[in-house]
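So this block is input.txt, compact mmCIF, N, CA and C atoms:
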```
# COMPACT_ATOMS: atom_id res chain seq x y z
N MET A 37 0.85 -1.17 0.00
CA MET A 37 0.00 0.00 0.00
C MET A 37 0.90 1.23 0.00
N ASP A 38 0.55 2.18 -0.85
CA ASP A 38 1.28 3.44 -0.92
C ASP A 38 0.65 4.44 0.04
N ILE A 39 1.50 5.26 0.65
CA ILE A 39 1.02 6.35 1.50
C ILE A 39 1.63 7.63 0.96
N ILE A 40 0.76 8.56 0.57
CA ILE A 40 1.19 9.84 0.05
C ILE A 40 0.89 10.89 1.11
N VAL A 41 1.93 11.57 1.57
CA VAL A 41 1.79 12.55 2.66
C VAL A 41 2.04 13.94 2.12
N GLN A 42 1.11 14.85 2.41
CA GLN A 42 1.27 16.26 2.10
C GLN A 42 1.12 17.04 3.39
N SER A 43 2.02 17.96 3.62
CA SER A 43 1.89 18.83 4.79
C SER A 43 1.95 20.27 4.28
N GLU A 44 0.88 20.98 4.49
CA GLU A 44 0.77 22.33 3.94
C GLU A 44 1.18 23.35 5.00
N GLY A 45 2.19 24.14 4.67
CA GLY A 45 2.64 25.19 5.57
C GLY A 45 3.77 24.79 6.49
N PHE A 46 4.18 23.54 6.49
CA PHE A 46 5.28 23.07 7.32
C PHE A 46 5.80 21.77 6.75
N THR A 47 6.89 21.26 7.30
CA THR A 47 7.45 19.99 6.89
C THR A 47 7.18 18.95 7.97
N ALA A 48 6.56 17.84 7.59
CA ALA A 48 6.25 16.78 8.54
C ALA A 48 7.54 16.09 8.99
N SER A 49 7.64 15.84 10.29
CA SER A 49 8.83 15.20 10.84
C SER A 49 8.84 13.71 10.53
N GLU A 50 9.99 13.11 10.65
CA GLU A 50 10.14 11.67 10.43
C GLU A 50 9.32 10.89 11.46
N HIS A 51 9.30 11.39 12.70
CA HIS A 51 8.53 10.74 13.76
C HIS A 51 7.04 10.72 13.41
N LEU A 52 6.53 11.83 12.90
CA LEU A 52 5.12 11.92 12.53
C LEU A 52 4.79 10.96 11.40
N GLU A 53 5.66 10.85 10.42
CA GLU A 53 5.43 9.94 9.30
C GLU A 53 5.50 8.48 9.74
N GLN A 54 6.40 8.15 10.66
CA GLN A 54 6.48 6.78 11.19
C GLN A 54 5.23 6.44 11.99
N PHE A 55 4.75 7.40 12.79
CA PHE A 55 3.52 7.19 13.56
C PHE A 55 2.35 6.95 12.62
N LEU A 56 2.26 7.74 11.56
CA LEU A 56 1.21 7.59 10.56
C LEU A 56 1.28 6.22 9.89
N GLN A 57 2.48 5.80 9.51
CA GLN A 57 2.68 4.50 8.86
C GLN A 57 2.19 3.37 9.77
N ALA A 58 2.53 3.43 11.05
CA ALA A 58 2.12 2.38 11.99
C ALA A 58 0.60 2.33 12.13
N LYS A 59 -0.04 3.49 12.19
CA LYS A 59 -1.50 3.52 12.35
C LYS A 59 -2.21 3.03 11.09
N ILE A 60 -1.75 3.43 9.92
CA ILE A 60 -2.41 3.03 8.68
C ILE A 60 -2.18 1.55 8.40
N ASP A 61 -1.03 1.02 8.81
CA ASP A 61 -0.78 -0.41 8.64
C ASP A 61 -1.80 -1.25 9.40
N LYS A 62 -2.32 -0.72 10.50
CA LYS A 62 -3.35 -1.45 11.26
C LYS A 62 -4.64 -1.58 10.45
N LEU A 63 -4.93 -0.60 9.59
CA LEU A 63 -6.12 -0.68 8.75
C LEU A 63 -6.00 -1.78 7.72
N ASP A 64 -4.79 -2.06 7.29
CA ASP A 64 -4.56 -3.06 6.25
C ASP A 64 -4.83 -4.47 6.75
N HIS A 65 -4.87 -4.67 8.06
CA HIS A 65 -5.10 -6.00 8.63
C HIS A 65 -6.56 -6.42 8.61
N HIS A 66 -7.45 -5.54 8.22
CA HIS A 66 -8.88 -5.86 8.24
C HIS A 66 -9.34 -6.59 6.99
N GLY A 67 -8.42 -6.98 6.14
CA GLY A 67 -8.77 -7.78 4.97
C GLY A 67 -9.28 -6.98 3.80
N THR A 68 -9.19 -5.66 3.86
CA THR A 68 -9.61 -4.85 2.72
C THR A 68 -8.43 -4.64 1.79
N LYS A 69 -8.74 -4.34 0.57
CA LYS A 69 -7.70 -4.13 -0.43
C LYS A 69 -7.46 -2.63 -0.57
N ILE A 70 -6.67 -2.08 0.32
CA ILE A 70 -6.36 -0.66 0.27
C ILE A 70 -5.25 -0.45 -0.74
N ILE A 71 -5.52 0.37 -1.73
CA ILE A 71 -4.55 0.63 -2.78
C ILE A 71 -3.59 1.73 -2.36
N ARG A 72 -4.14 2.82 -1.85
CA ARG A 72 -3.33 3.99 -1.55
C ARG A 72 -4.01 4.79 -0.45
N ALA A 73 -3.21 5.48 0.34
CA ALA A 73 -3.73 6.40 1.35
C ALA A 73 -3.15 7.79 1.08
N HIS A 74 -4.03 8.75 0.90
CA HIS A 74 -3.62 10.15 0.72
C HIS A 74 -3.82 10.85 2.06
N VAL A 75 -2.75 11.38 2.63
CA VAL A 75 -2.81 12.03 3.94
C VAL A 75 -2.39 13.48 3.77
N THR A 76 -3.20 14.39 4.34
CA THR A 76 -2.89 15.81 4.29
C THR A 76 -2.90 16.35 5.71
N PHE A 77 -1.82 17.03 6.08
CA PHE A 77 -1.73 17.71 7.38
C PHE A 77 -1.86 19.20 7.13
N LEU A 78 -2.69 19.86 7.93
CA LEU A 78 -2.92 21.30 7.81
C LEU A 78 -2.77 21.95 9.18
N LYS A 79 -2.24 23.15 9.19
CA LYS A 79 -2.21 23.96 10.40
C LYS A 79 -3.31 24.99 10.28
N GLY A 80 -4.19 25.05 11.27
CA GLY A 80 -5.26 26.03 11.28
C GLY A 80 -4.78 27.34 11.87
N PRO A 81 -5.70 28.27 12.11
CA PRO A 81 -5.33 29.55 12.71
C PRO A 81 -4.70 29.36 14.10
N ALA A 82 -3.69 30.14 14.41
CA ALA A 82 -2.98 30.01 15.68
C ALA A 82 -3.88 30.35 16.87
N ALA A 83 -4.94 31.09 16.64
CA ALA A 83 -5.84 31.48 17.73
C ALA A 83 -6.68 30.30 18.21
N GLU A 84 -6.86 29.29 17.38
CA GLU A 84 -7.65 28.12 17.77
C GLU A 84 -6.82 27.18 18.63
N LEU A 85 -7.47 26.52 19.57
CA LEU A 85 -6.78 25.55 20.41
C LEU A 85 -6.52 24.26 19.64
N ASN A 86 -7.52 23.76 18.93
CA ASN A 86 -7.40 22.53 18.13
C ASN A 86 -7.12 22.94 16.68
N ASN A 87 -5.89 23.32 16.39
CA ASN A 87 -5.60 23.85 15.06
C ASN A 87 -4.78 22.90 14.19
N ASN A 88 -4.64 21.65 14.57
CA ASN A 88 -3.91 20.68 13.76
C ASN A 88 -4.90 19.74 13.09
N TYR A 89 -4.97 19.79 11.77
CA TYR A 89 -5.95 19.03 11.00
C TYR A 89 -5.26 17.87 10.27
N CYS A 90 -5.96 16.75 10.21
CA CYS A 90 -5.48 15.59 9.47
C CYS A 90 -6.62 15.09 8.59
N GLU A 91 -6.34 14.92 7.30
CA GLU A 91 -7.30 14.36 6.36
C GLU A 91 -6.70 13.09 5.77
N ILE A 92 -7.48 12.02 5.75
CA ILE A 92 -7.01 10.77 5.16
C ILE A 92 -8.07 10.26 4.20
N ARG A 93 -7.65 9.98 2.97
CA ARG A 93 -8.51 9.37 1.96
C ARG A 93 -7.91 8.02 1.59
N LEU A 94 -8.68 6.97 1.80
CA LEU A 94 -8.25 5.62 1.44
C LEU A 94 -8.82 5.26 0.09
N GLU A 95 -7.96 4.91 -0.84
CA GLU A 95 -8.41 4.43 -2.14
C GLU A 95 -8.58 2.93 -2.05
N VAL A 96 -9.82 2.49 -2.23
CA VAL A 96 -10.16 1.06 -2.23
C VAL A 96 -10.99 0.80 -3.47
N PRO A 97 -11.06 -0.44 -3.92
CA PRO A 97 -11.96 -0.75 -5.04
C PRO A 97 -13.39 -0.36 -4.68
N GLY A 98 -14.05 0.35 -5.54
CA GLY A 98 -15.39 0.84 -5.25
C GLY A 98 -15.31 2.26 -4.74
N ASN A 99 -16.01 2.54 -3.66
CA ASN A 99 -16.03 3.89 -3.09
C ASN A 99 -14.85 4.09 -2.14
N ASP A 100 -14.23 5.27 -2.22
CA ASP A 100 -13.14 5.61 -1.31
C ASP A 100 -13.70 5.97 0.06
N HIS A 101 -12.84 5.86 1.07
CA HIS A 101 -13.21 6.24 2.44
C HIS A 101 -12.44 7.50 2.79
N PHE A 102 -13.10 8.43 3.52
CA PHE A 102 -12.49 9.71 3.85
C PHE A 102 -12.80 10.09 5.28
N ALA A 103 -11.81 10.66 5.97
CA ALA A 103 -12.01 11.18 7.32
C ALA A 103 -11.16 12.42 7.49
N LYS A 104 -11.72 13.40 8.21
CA LYS A 104 -10.99 14.64 8.52
C LYS A 104 -11.25 14.95 9.99
N LYS A 105 -10.18 15.09 10.75
CA LYS A 105 -10.29 15.37 12.18
C LYS A 105 -9.30 16.46 12.55
N HIS A 106 -9.55 17.13 13.66
CA HIS A 106 -8.62 18.12 14.17
C HIS A 106 -8.46 17.93 15.67
N SER A 107 -7.28 18.33 16.16
CA SER A 107 -6.96 18.15 17.57
C SER A 107 -5.80 19.08 17.94
N THR A 108 -5.37 18.97 19.19
CA THR A 108 -4.25 19.79 19.65
C THR A 108 -2.92 19.28 19.11
N SER A 109 -2.85 17.99 18.76
CA SER A 109 -1.62 17.42 18.19
C SER A 109 -1.98 16.61 16.94
N PHE A 110 -1.02 16.49 16.04
CA PHE A 110 -1.25 15.71 14.83
C PHE A 110 -1.40 14.23 15.16
N GLU A 111 -0.70 13.74 16.16
CA GLU A 111 -0.79 12.33 16.53
C GLU A 111 -2.20 11.97 16.97
N HIS A 112 -2.81 12.84 17.76
CA HIS A 112 -4.18 12.59 18.21
C HIS A 112 -5.16 12.67 17.05
N ALA A 113 -4.95 13.62 16.14
CA ALA A 113 -5.82 13.75 14.97
C ALA A 113 -5.69 12.53 14.06
N ILE A 114 -4.47 11.99 13.91
CA ILE A 114 -4.25 10.78 13.12
C ILE A 114 -5.01 9.62 13.73
N THR A 115 -4.90 9.46 15.05
CA THR A 115 -5.58 8.36 15.74
C THR A 115 -7.09 8.45 15.55
N GLU A 116 -7.65 9.65 15.66
CA GLU A 116 -9.09 9.82 15.47
C GLU A 116 -9.50 9.50 14.03
N CYS A 117 -8.70 9.93 13.06
CA CYS A 117 -9.00 9.64 11.65
C CYS A 117 -8.96 8.14 11.38
N VAL A 118 -7.94 7.47 11.89
CA VAL A 118 -7.82 6.03 11.65
C VAL A 118 -8.97 5.28 12.31
N ASP A 119 -9.39 5.72 13.50
CA ASP A 119 -10.54 5.08 14.15
C ASP A 119 -11.81 5.26 13.32
N ALA A 120 -12.01 6.45 12.77
CA ALA A 120 -13.19 6.70 11.93
C ALA A 120 -13.12 5.87 10.65
N LEU A 121 -11.94 5.78 10.06
CA LEU A 121 -11.79 4.98 8.84
C LEU A 121 -11.97 3.50 9.11
N GLN A 122 -11.51 3.04 10.26
CA GLN A 122 -11.68 1.63 10.63
C GLN A 122 -13.17 1.31 10.72
N HIS A 123 -13.93 2.22 11.29
CA HIS A 123 -15.38 2.02 11.39
C HIS A 123 -16.01 1.99 9.99
N GLN A 124 -15.56 2.88 9.08
CA GLN A 124 -16.10 2.90 7.73
C GLN A 124 -15.75 1.62 6.98
N VAL A 125 -14.52 1.14 7.15
CA VAL A 125 -14.09 -0.08 6.46
C VAL A 125 -14.89 -1.28 6.96
N GLU A 126 -15.07 -1.38 8.27
CA GLU A 126 -15.85 -2.49 8.83
C GLU A 126 -17.30 -2.43 8.37
N LYS A 127 -17.86 -1.23 8.31
CA LYS A 127 -19.25 -1.07 7.88
C LYS A 127 -19.42 -1.48 6.42
N SER A 128 -18.49 -1.07 5.55
CA SER A 128 -18.60 -1.44 4.14
C SER A 128 -18.35 -2.94 3.95
N LYS A 129 -17.47 -3.51 4.76
CA LYS A 129 -17.20 -4.94 4.67
C LYS A 129 -18.44 -5.74 5.11
N ASP A 130 -19.10 -5.30 6.18
CA ASP A 130 -20.33 -5.95 6.63
C ASP A 130 -21.43 -5.82 5.58
N LYS A 131 -21.51 -4.67 4.96
CA LYS A 131 -22.52 -4.43 3.92
C LYS A 131 -22.26 -5.35 2.72
N GLU A 132 -21.00 -5.51 2.38
CA GLU A 132 -20.63 -6.39 1.26
C GLU A 132 -20.96 -7.84 1.58
N MET A 133 -20.68 -8.26 2.80
CA MET A 133 -20.95 -9.64 3.21
C MET A 133 -22.44 -9.93 3.27
N SER A 134 -23.24 -8.96 3.69
CA SER A 134 -24.67 -9.18 3.77
C SER A 134 -25.33 -9.22 2.40
N SER A 135 -24.72 -8.58 1.42
CA SER A 135 -25.30 -8.59 0.08
C SER A 135 -25.03 -9.88 -0.67
N ARG A 136 -24.10 -10.67 -0.16
CA ARG A 136 -23.79 -11.94 -0.82
C ARG A 136 -24.79 -12.95 -0.51
```
Would you put the structure from the file into structure tokens?
Amino acid sequence: MDIIVQSEGFTASEHLEQFLQAKIDKLDHHGTKIIRAHVTFLKGPAAELNNNYCEIRLEVPGNDHFAKKHSTSFEHAITECVDALQHQVEKSKDKEMSSR
């Protein structure tokens, strides 16, 4: 699975990219055929407390899955996105199994 990372307005650290890789690898264990993950990190206005945004789009056969979350840290936003995507993947997998 390919992971494409974009960080707008700053450069993502190696630690952040390794953390992202570990979290997205957990999604791959659910038996879905994830082709690619597009990840975008954004910094919001400095006046906001939760100004770190993470967007993840999973390319899978059929409809893609998308999640966007914000938090005080990018690590927490990544974790929330991956949890939301895990729920979407499980829901689509259950829907596929029930249609058979």
- Message: Give me, as a list in words, all polymer residues having an atom no more than 6.5 Å from A:Glu95, counting all atoms listed in the file and skipping those fewer than 2 positions away in the same chain.
- Response: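 Skipping anything fewer than 2 positions along the chain leaves Lys69, Ile70, Ile71, Arg72, Ala73, His74, Arg93, Pro97, Asn99, Asp100 and His101 of chain A.
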Write the residues of the selection above to a file with N, CA and C atoms, as a PDB file, in the frame of the given file.
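The new file part-v9.pdb reads:
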```
ATOM      1  N   LYS A  69      -8.740  -4.340   0.570  1.00  0.00           N
ATOM      2  CA  LYS A  69      -7.700  -4.130  -0.430  1.00  0.00           C
ATOM      3  C   LYS A  69      -7.460  -2.630  -0.570  1.00  0.00           C
ATOM      4  N   ILE A  70      -6.670  -2.080   0.320  1.00  0.00           N
ATOM      5  CA  ILE A  70      -6.360  -0.660   0.270  1.00  0.00           C
ATOM      6  C   ILE A  70      -5.250  -0.450  -0.740  1.00  0.00           C
ATOM      7  N   ILE A  71      -5.520   0.370  -1.730  1.00  0.00           N
ATOM      8  CA  ILE A  71      -4.550   0.630  -2.780  1.00  0.00           C
ATOM      9  C   ILE A  71      -3.590   1.730  -2.360  1.00  0.00           C
ATOM     10  N   ARG A  72      -4.140   2.820  -1.850  1.00  0.00           N
ATOM     11  CA  ARG A  72      -3.330   3.990  -1.550  1.00  0.00           C
ATOM     12  C   ARG A  72      -4.010   4.790  -0.450  1.00  0.00           C
ATOM     13  N   ALA A  73      -3.210   5.480   0.340  1.00  0.00           N
ATOM     14  CA  ALA A  73      -3.730   6.400   1.350  1.00  0.00           C
ATOM     15  C   ALA A  73      -3.150   7.790   1.080  1.00  0.00           C
ATOM     16  N   HIS A  74      -4.030   8.750   0.900  1.00  0.00           N
ATOM     17  CA  HIS A  74      -3.620  10.150   0.720  1.00  0.00           C
ATOM     18  C   HIS A  74      -3.820  10.850   2.060  1.00  0.00           C
ATOM     19  N   ARG A  93      -7.650   9.980   2.970  1.00  0.00           N
ATOM     20  CA  ARG A  93      -8.510   9.370   1.960  1.00  0.00           C
ATOM     21  C   ARG A  93      -7.910   8.020   1.590  1.00  0.00           C
ATOM     22  N   PRO A  97     -11.060  -0.440  -3.920  1.00  0.00           N
ATOM     23  CA  PRO A  97     -11.960  -0.750  -5.040  1.00  0.00           C
ATOM     24  C   PRO A  97     -13.390  -0.360  -4.680  1.00  0.00           C
ATOM     25  N   ASN A  99     -16.010   2.540  -3.660  1.00  0.00           N
ATOM     26  CA  ASN A  99     -16.030   3.890  -3.090  1.00  0.00           C
ATOM     27  C   ASN A  99     -14.850   4.090  -2.140  1.00  0.00           C
ATOM     28  N   ASP A 100     -14.230   5.270  -2.220  1.00  0.00           N
ATOM     29  CA  ASP A 100     -13.140   5.610  -1.310  1.00  0.00           C
ATOM     30  C   ASP A 100     -13.700   5.970   0.060  1.00  0.00           C
ATOM     31  N   HIS A 101     -12.840   5.860   1.070  1.00  0.00           N
ATOM     32  CA  HIS A 101     -13.210   6.240   2.440  1.00  0.00           C
ATOM     33  C   HIS A 101     -12.440   7.500   2.790  1.00  0.00           C
TER      34      HIS A 101
END
```
- Item | All strand (DSSP E or B) positions in chain A, as a ChimeraX atom specification | /A:38-44,72-79,88-95,101-107
- Message: Rounded to one decimal, what separation in Å do you get between atom C of A:Phe77 and atom CA of A:Tyr89?
- Response: 5.6 Å
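For A:Ser49, the non-local neighbours within 12 Å, defined as residues at least 5 positions apart in the same chain or in other chains and counting only C-alpha atoms, are Val41, Gln42, Ser43, Gln54, Phe55, Leu56, Phe77, Phe110 and Glu111 of chain A.
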- Separation of atom N of A:Cys90 from atom N of A:Ser109 in Å: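 Separation between atom N of A:Ser109 and atom N of A:Cys90: 9.2 Å.
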